[in-house]
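Taking it in order: structure first as structure tokens, then the write-up.
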Amino acid sequence: MIVVMESRATREQINDIVRKIQDAGLSSHISAGVERTIIGVVGDSHTKELLRQSLEASPAVEKVVLILQPFKLVSRDFRPHDSIIDVQGVRIGDGSVVVMAGPCSVESREQIVQTAHAVKAAGAVMLRGGAFKPRTSPYSFQGLEEEGLRYLAEARAETGLPVVTEAMDVSQLMLVIKYADMVQIGARNMQNYTLLREVGRAKYPVLLKRGPSATIQELLLAAEYIMSEGNYSVVLCERGIRGFDNYTRYLLDLSAVPVLKQLTHLPVIIDPSQASGKSKYVPPLSKAGVAAGADGLIVEVHPEPEKALSDGPQQITLDTFAQLMGELTPLAAALGRRVQVPAALRSR
Ligand code: PEP
Ligand code: MN
């Protein structure tokens, strides 16, 4: 249920409504728009129905609307305008194309620092790299764990690029937050509800990846778990779903981009690397993602993909990445958009 306040409602009147909601044992979530404030009310439906009439009677309330979708706070009913998620000055969802890049896994200090410098020079605004890796086989490289997080922090110190990296479970979350600027919840964990709630409580920027078999509604409900705990800094990521064809690793669901952009105010980015599984398809899928309206990309880039300890076949080289960035600039311009540039370059 959402409470749409009158445009002239005062701070005091808004607080009064929030108090009424909380007194009824429900939780309130405020979305302060330019014109008016919207208060999202979540909790037991019967209690909401009982409260509804008394809220409607308040002169400061324009109307009370039931949200029919199962997801509430992520829906555009709650927040009609696009959310902009700020990660250390990188603004995801502001209309520009945000590019995050880096290796699948952090493998050594040299590897991540070299990659960070190169992707920054090519125009990436965030650095990616896994320290805790969800691998299909228990015998595959599992990541450098805290050592990897330390190298990521060193790469950030050298380049200024904010870091996004994965936490696979609650026990790793605080450690990841200590080093990273944004926590990635991987595809395999999209429905790990304990982790979603915990990252919601942590109030730290989250990159939430769609599970390979998850519907769009399930993805939105996973985001709702995070938002319902009070963390509104969520970015969604389409990274390919299970198809029936073997030429690509997964099937990049491009249609999810406009569908999500219609249903939710949260930014949506594309991961063309996990989706294709093959480096040669990464540039065309990246461009397709931008053309479909994605707010950005997360791309796997490795100085020597053939020697990578994970996902080698899908990682593009530093040169290919630079070339891709060169091609994205005119594409974004043709779409009336621009590729976001690193903060240090912004003032020049
Ligand atoms: C990754 O980003 O390297 C990764 C494992 O992603 P996903 O969770 O989408 O498979
Ligand atoms: Mn990977």
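Residues are referred to by chain and number: the chain letter is A, B, ... according to the order shown in the structure tokens, the number counts from 1 in that chain, and ligands are numbered separately from 1 in the order shown.
Scanning range 131-184 of chain A with DSSP on the backbone, the alpha helix (DSSP H) assignments fall on Glu146, Glu147, Gly148, Leu149, Arg150, Tyr151, Leu152, Ala153, Glu154, Ala155, Arg156, Ala157, Glu158, Thr159, Val170, Ser171, Gln172, Leu173, Met174, Leu175, Val176, Ile177, Lys178 and Tyr179 of chain A.
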(Q) Write out as an NGL selection string the set of residues from range 69-111 of chain A that DSSP, computed on the backbone, places in strand (DSSP E). (A) :A and (85-87 or 90-92 or 98-102)
Would you mind exporting the chosen residues as a short mmCIF file (atom, residue, chain, number, x, y, z; two decimals), in the first residue's frame, restricted to all heavy atoms?
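Okay, again_0.cif is ready:
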```cif
data_model
loop_
_atom_site.label_atom_id
_atom_site.label_comp_id
_atom_site.auth_asym_id
_atom_site.auth_seq_id
_atom_site.Cartn_x
_atom_site.Cartn_y
_atom_site.Cartn_z
N ILE A 85 21.83 5.27 -8.06
CA ILE A 85 22.61 4.64 -6.99
C ILE A 85 24.04 5.18 -7.07
O ILE A 85 24.72 5.03 -8.09
CB ILE A 85 22.61 3.09 -7.13
CG1 ILE A 85 21.18 2.55 -7.32
CG2 ILE A 85 23.32 2.45 -5.95
CD1 ILE A 85 20.18 2.90 -6.24
N ASP A 86 24.44 5.84 -5.99
CA ASP A 86 25.76 6.47 -5.96
C ASP A 86 26.77 5.53 -5.30
O ASP A 86 26.61 5.15 -4.15
CB ASP A 86 25.66 7.80 -5.18
CG ASP A 86 26.93 8.62 -5.34
OD1 ASP A 86 28.03 8.11 -5.02
OD2 ASP A 86 26.83 9.78 -5.77
N VAL A 87 27.78 5.15 -6.07
CA VAL A 87 28.85 4.31 -5.50
C VAL A 87 30.14 5.13 -5.59
O VAL A 87 30.75 5.22 -6.65
CB VAL A 87 28.99 2.98 -6.27
CG1 VAL A 87 30.06 2.10 -5.62
CG2 VAL A 87 27.66 2.24 -6.32
N VAL A 90 30.27 7.37 -8.54
CA VAL A 90 29.76 6.79 -9.78
C VAL A 90 28.24 6.77 -9.64
O VAL A 90 27.73 6.24 -8.65
CB VAL A 90 30.31 5.36 -10.03
CG1 VAL A 90 29.65 4.72 -11.24
CG2 VAL A 90 31.82 5.40 -10.19
N ARG A 91 27.55 7.37 -10.60
CA ARG A 91 26.10 7.49 -10.48
C ARG A 91 25.43 6.51 -11.45
O ARG A 91 25.36 6.77 -12.64
CB ARG A 91 25.68 8.93 -10.74
CG ARG A 91 26.08 9.86 -9.58
CD ARG A 91 26.03 11.32 -9.98
NE ARG A 91 24.71 11.72 -10.48
CZ ARG A 91 23.67 12.03 -9.71
NH1 ARG A 91 23.79 11.96 -8.40
NH2 ARG A 91 22.53 12.39 -10.25
N ILE A 92 24.94 5.41 -10.88
CA ILE A 92 24.32 4.38 -11.73
C ILE A 92 22.83 4.66 -11.83
O ILE A 92 22.14 4.76 -10.81
CB ILE A 92 24.56 2.97 -11.14
CG1 ILE A 92 26.05 2.77 -10.82
CG2 ILE A 92 24.07 1.88 -12.10
CD1 ILE A 92 26.35 1.57 -9.94
N VAL A 98 27.18 3.31 -17.49
CA VAL A 98 28.25 3.07 -16.51
C VAL A 98 28.92 1.73 -16.86
O VAL A 98 28.24 0.72 -16.98
CB VAL A 98 27.65 3.00 -15.09
CG1 VAL A 98 28.65 2.43 -14.10
CG2 VAL A 98 27.18 4.38 -14.66
N VAL A 99 30.22 1.75 -17.03
CA VAL A 99 30.91 0.50 -17.37
C VAL A 99 31.82 0.06 -16.22
O VAL A 99 32.69 0.80 -15.77
CB VAL A 99 31.72 0.62 -18.69
CG1 VAL A 99 32.40 -0.71 -19.02
CG2 VAL A 99 30.80 1.05 -19.83
N MET A 100 31.56 -1.15 -15.73
CA MET A 100 32.39 -1.79 -14.70
C MET A 100 33.18 -2.87 -15.42
O MET A 100 32.61 -3.59 -16.24
CB MET A 100 31.50 -2.45 -13.63
CG MET A 100 30.38 -1.57 -13.12
SD MET A 100 29.29 -2.49 -12.00
CE MET A 100 28.04 -1.24 -11.69
N ALA A 101 34.46 -2.98 -15.11
CA ALA A 101 35.26 -3.97 -15.82
C ALA A 101 36.36 -4.50 -14.94
O ALA A 101 36.78 -3.84 -13.98
CB ALA A 101 35.83 -3.36 -17.10
N GLY A 102 36.84 -5.69 -15.29
CA GLY A 102 37.92 -6.31 -14.54
C GLY A 102 37.83 -7.81 -14.70
O GLY A 102 36.90 -8.32 -15.33
#
```
Q. Please, which residues have at least one atom within 10 Å of an atom of ligand 1, using only C-alpha atoms and all ligand atoms, listed as a VMD selection string?
A. chain A and resid 102 to 105 128 to 136 164 to 166 168 184 to 190 208 to 212 237 to 241 250 270 to 275 298 to 300 310 to 311
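The space separating CA of Leu263 in chain A from CA of Ser75 in chain A comes to 5.7 Å.
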Q: Find the residues around Met174 in chain A up to 12 Å (only C-alpha atoms counted), leave out those fewer than 2 positions away in its own chain, and share them as a PyMOL selection string.
A: chain A and resi 146+149+166-172+176-183+195+198-199+201-204
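Nearest residue to Pro283 in chain A among A:Val113, A:Leu251, A:Val257, A:Ala322 is A:Ala322, counting only C-alpha atoms.
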Q: Could you give me, as a PyMOL selection string, the residues within 7 Å of Glu6 in chain A, counting only C-alpha atoms and dropping anything in the same chain fewer than 3 positions from it?
A: chain A and resi 9+36+60-62
Let me see the file: selected residues, C-alpha atoms, as a JSON list (two decimals), in the first residue's frame.
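Contents of the output file result.json:
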```json
[["chain", "number", "residue", "atom", "x", "y", "z"],
["A", 9, "ALA", "CA", 2.03, 18.39, 3.22],
["A", 36, "ARG", "CA", 5.28, 15.10, -3.35],
["A", 60, "ALA", "CA", -2.41, 15.86, 4.39],
["A", 61, "VAL", "CA", -3.03, 12.65, 2.45],
["A", 62, "GLU", "CA", -4.07, 12.89, -1.18]]
```
Which residues come within 10 Å of Glu56 in chain A, counting only C-alpha atoms, excluding same-chain residues fewer than 4 positions away, as a JSON list (two decimals) with N, CA, C and O atoms, in the first residue's frame?
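Resulting contents of around-v6.json:
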```json
[["chain", "number", "residue", "atom", "x", "y", "z"],
["A", 3, "VAL", "N", 0.96, 5.55, 0.45],
["A", 3, "VAL", "CA", 0.23, 6.75, 0.87],
["A", 3, "VAL", "C", 0.83, 7.91, 0.09],
["A", 3, "VAL", "O", 2.02, 8.22, 0.22],
["A", 4, "VAL", "N", 0.01, 8.50, -0.78],
["A", 4, "VAL", "CA", 0.48, 9.64, -1.57],
["A", 4, "VAL", "C", 0.11, 10.90, -0.80],
["A", 4, "VAL", "O", -1.07, 11.19, -0.59],
["A", 5, "MET", "N", 1.12, 11.64, -0.35],
["A", 5, "MET", "CA", 0.87, 12.84, 0.45],
["A", 5, "MET", "C", 0.48, 14.00, -0.48],
["A", 5, "MET", "O", 0.87, 14.04, -1.65],
["A", 51, "LEU", "N", -5.94, 0.24, 8.76],
["A", 51, "LEU", "CA", -5.31, 1.55, 8.88],
["A", 51, "LEU", "C", -5.72, 2.49, 7.75],
["A", 51, "LEU", "O", -5.75, 3.71, 7.90],
["A", 52, "ARG", "N", -6.06, 1.89, 6.63],
["A", 52, "ARG", "CA", -6.29, 2.64, 5.41],
["A", 52, "ARG", "C", -7.27, 3.81, 5.59],
["A", 52, "ARG", "O", -6.97, 4.94, 5.24],
["A", 60, "ALA", "N", -3.72, 15.79, 5.04],
["A", 60, "ALA", "CA", -2.41, 15.86, 4.39],
["A", 60, "ALA", "C", -2.21, 14.74, 3.37],
["A", 60, "ALA", "O", -1.23, 14.73, 2.63],
["A", 61, "VAL", "N", -3.16, 13.79, 3.36],
["A", 61, "VAL", "CA", -3.03, 12.65, 2.45],
["A", 61, "VAL", "C", -3.89, 12.87, 1.21],
["A", 61, "VAL", "O", -5.09, 13.17, 1.32],
["A", 62, "GLU", "N", -3.27, 12.74, 0.04],
["A", 62, "GLU", "CA", -4.07, 12.89, -1.18],
["A", 62, "GLU", "C", -4.85, 11.61, -1.45],
["A", 62, "GLU", "O", -6.04, 11.63, -1.69],
["A", 63, "LYS", "N", -4.14, 10.47, -1.41],
["A", 63, "LYS", "CA", -4.85, 9.19, -1.59],
["A", 63, "LYS", "C", -4.01, 8.04, -1.06],
["A", 63, "LYS", "O", -2.80, 8.16, -0.86],
["A", 64, "VAL", "N", -4.70, 6.93, -0.82],
["A", 64, "VAL", "CA", -4.01, 5.70, -0.41],
["A", 64, "VAL", "C", -4.27, 4.68, -1.51],
["A", 64, "VAL", "O", -5.42, 4.47, -1.90],
["A", 65, "VAL", "N", -3.21, 4.10, -2.05],
["A", 65, "VAL", "CA", -3.37, 3.19, -3.18],
["A", 65, "VAL", "C", -2.80, 1.82, -2.83],
["A", 65, "VAL", "O", -1.69, 1.72, -2.29]]
```
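Among the candidate residues A:Ile14, A:Val234, A:Ala155, A:Leu309, the one lying nearest to ligand 2 is A:Leu309, with distances computed using only C-alpha atoms and all ligand atoms.
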Spatial neighbours of Gln69 in chain A, max dist 12 Å, only C-alpha atoms, sep filter under 3 positions, as a PDB file with N, CA and C atoms, in the first residue's frame:
```pdb
ATOM      1  N   MET A   1       0.851  -1.191   0.000  1.00  0.00           N
ATOM      2  CA  MET A   1       0.000   0.000   0.000  1.00  0.00           C
ATOM      3  C   MET A   1       0.882   1.234   0.000  1.00  0.00           C
ATOM      4  N   VAL A  65      -3.214   4.102  -2.054  1.00  0.00           N
ATOM      5  CA  VAL A  65      -3.374   3.189  -3.180  1.00  0.00           C
ATOM      6  C   VAL A  65      -2.799   1.822  -2.835  1.00  0.00           C
ATOM      7  N   LEU A  66      -3.555   0.791  -3.155  1.00  0.00           N
ATOM      8  CA  LEU A  66      -3.035  -0.567  -2.939  1.00  0.00           C
ATOM      9  C   LEU A  66      -2.156  -0.931  -4.124  1.00  0.00           C
ATOM     10  N   LYS A  72       6.670  -4.344  -4.011  1.00  0.00           N
ATOM     11  CA  LYS A  72       6.082  -3.052  -3.646  1.00  0.00           C
ATOM     12  C   LYS A  72       7.109  -1.913  -3.746  1.00  0.00           C
ATOM     13  N   LEU A  73       8.143  -2.002  -2.891  1.00  0.00           N
ATOM     14  CA  LEU A  73       9.103  -0.899  -2.814  1.00  0.00           C
ATOM     15  C   LEU A  73       9.936  -0.789  -4.081  1.00  0.00           C
ATOM     16  N   VAL A  74      10.120  -1.886  -4.797  1.00  0.00           N
ATOM     17  CA  VAL A  74      10.904  -1.817  -6.035  1.00  0.00           C
ATOM     18  C   VAL A  74      10.048  -1.300  -7.194  1.00  0.00           C
ATOM     19  N   SER A  75       8.729  -1.240  -6.990  1.00  0.00           N
ATOM     20  CA  SER A  75       7.870  -0.898  -8.126  1.00  0.00           C
ATOM     21  C   SER A  75       7.852   0.609  -8.382  1.00  0.00           C
ATOM     22  N   ARG A  76       7.493   0.957  -9.576  1.00  0.00           N
ATOM     23  CA  ARG A  76       7.411   2.371  -9.939  1.00  0.00           C
ATOM     24  C   ARG A  76       6.228   3.070  -9.263  1.00  0.00           C
ATOM     25  N   ASP A  77       5.303   2.273  -8.697  1.00  0.00           N
ATOM     26  CA  ASP A  77       4.203   2.897  -7.947  1.00  0.00           C
ATOM     27  C   ASP A  77       4.768   3.608  -6.725  1.00  0.00           C
ATOM     28  N   PHE A  78       5.751   2.962  -6.094  1.00  0.00           N
ATOM     29  CA  PHE A  78       6.348   3.539  -4.893  1.00  0.00           C
ATOM     30  C   PHE A  78       7.246   4.715  -5.255  1.00  0.00           C
ATOM     31  N   GLN A 217       9.901 -11.553 -12.164  1.00  0.00           N
ATOM     32  CA  GLN A 217       9.214 -11.272 -10.899  1.00  0.00           C
ATOM     33  C   GLN A 217      10.012 -11.785  -9.692  1.00  0.00           C
ATOM     34  N   GLU A 218      10.637 -12.943  -9.852  1.00  0.00           N
ATOM     35  CA  GLU A 218      11.463 -13.459  -8.750  1.00  0.00           C
ATOM     36  C   GLU A 218      12.664 -12.545  -8.488  1.00  0.00           C
ATOM     37  N   LEU A 220      12.714  -9.326  -9.014  1.00  0.00           N
ATOM     38  CA  LEU A 220      12.199  -8.125  -8.336  1.00  0.00           C
ATOM     39  C   LEU A 220      11.859  -8.413  -6.871  1.00  0.00           C
ATOM     40  N   LEU A 221      11.370  -9.601  -6.598  1.00  0.00           N
ATOM     41  CA  LEU A 221      11.069  -9.939  -5.203  1.00  0.00           C
ATOM     42  C   LEU A 221      12.349 -10.117  -4.387  1.00  0.00           C
ATOM     43  N   GLU A 224      13.232  -6.801  -3.500  1.00  0.00           N
ATOM     44  CA  GLU A 224      12.291  -6.332  -2.472  1.00  0.00           C
ATOM     45  C   GLU A 224      12.778  -6.746  -1.075  1.00  0.00           C
ATOM     46  N   LEU A 263       8.907  -1.754 -14.962  1.00  0.00           N
ATOM     47  CA  LEU A 263       8.332  -2.181 -13.686  1.00  0.00           C
ATOM     48  C   LEU A 263       8.981  -1.537 -12.471  1.00  0.00           C
ATOM     49  N   THR A 264      10.297  -1.249 -12.584  1.00  0.00           N
ATOM     50  CA  THR A 264      11.012  -0.787 -11.400  1.00  0.00           C
ATOM     51  C   THR A 264      11.790   0.494 -11.657  1.00  0.00           C
TER      52      THR A 264
END
```
Q: Please provide the set of residues having any atom within 12 Å of Ile30 in chain A, restricted to only C-alpha atoms, with same-chain residues fewer than 2 positions apart removed, written as a PyMOL selection string.
A: chain A and resi 2-5+11+14-15+17-18+21+27-28+32-33+36-42+73+78-79+227-228+230-232
Q) So which one's closest to ligand 2, A:Gln262, A:Ser255, A:Ser213, A:Gln142? Using only C-alpha atoms and all ligand atoms, please. A) A:Gln142
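Between CA of Asp253 in chain A and CA of Pro284 in chain A the separation is 13.9 Å.
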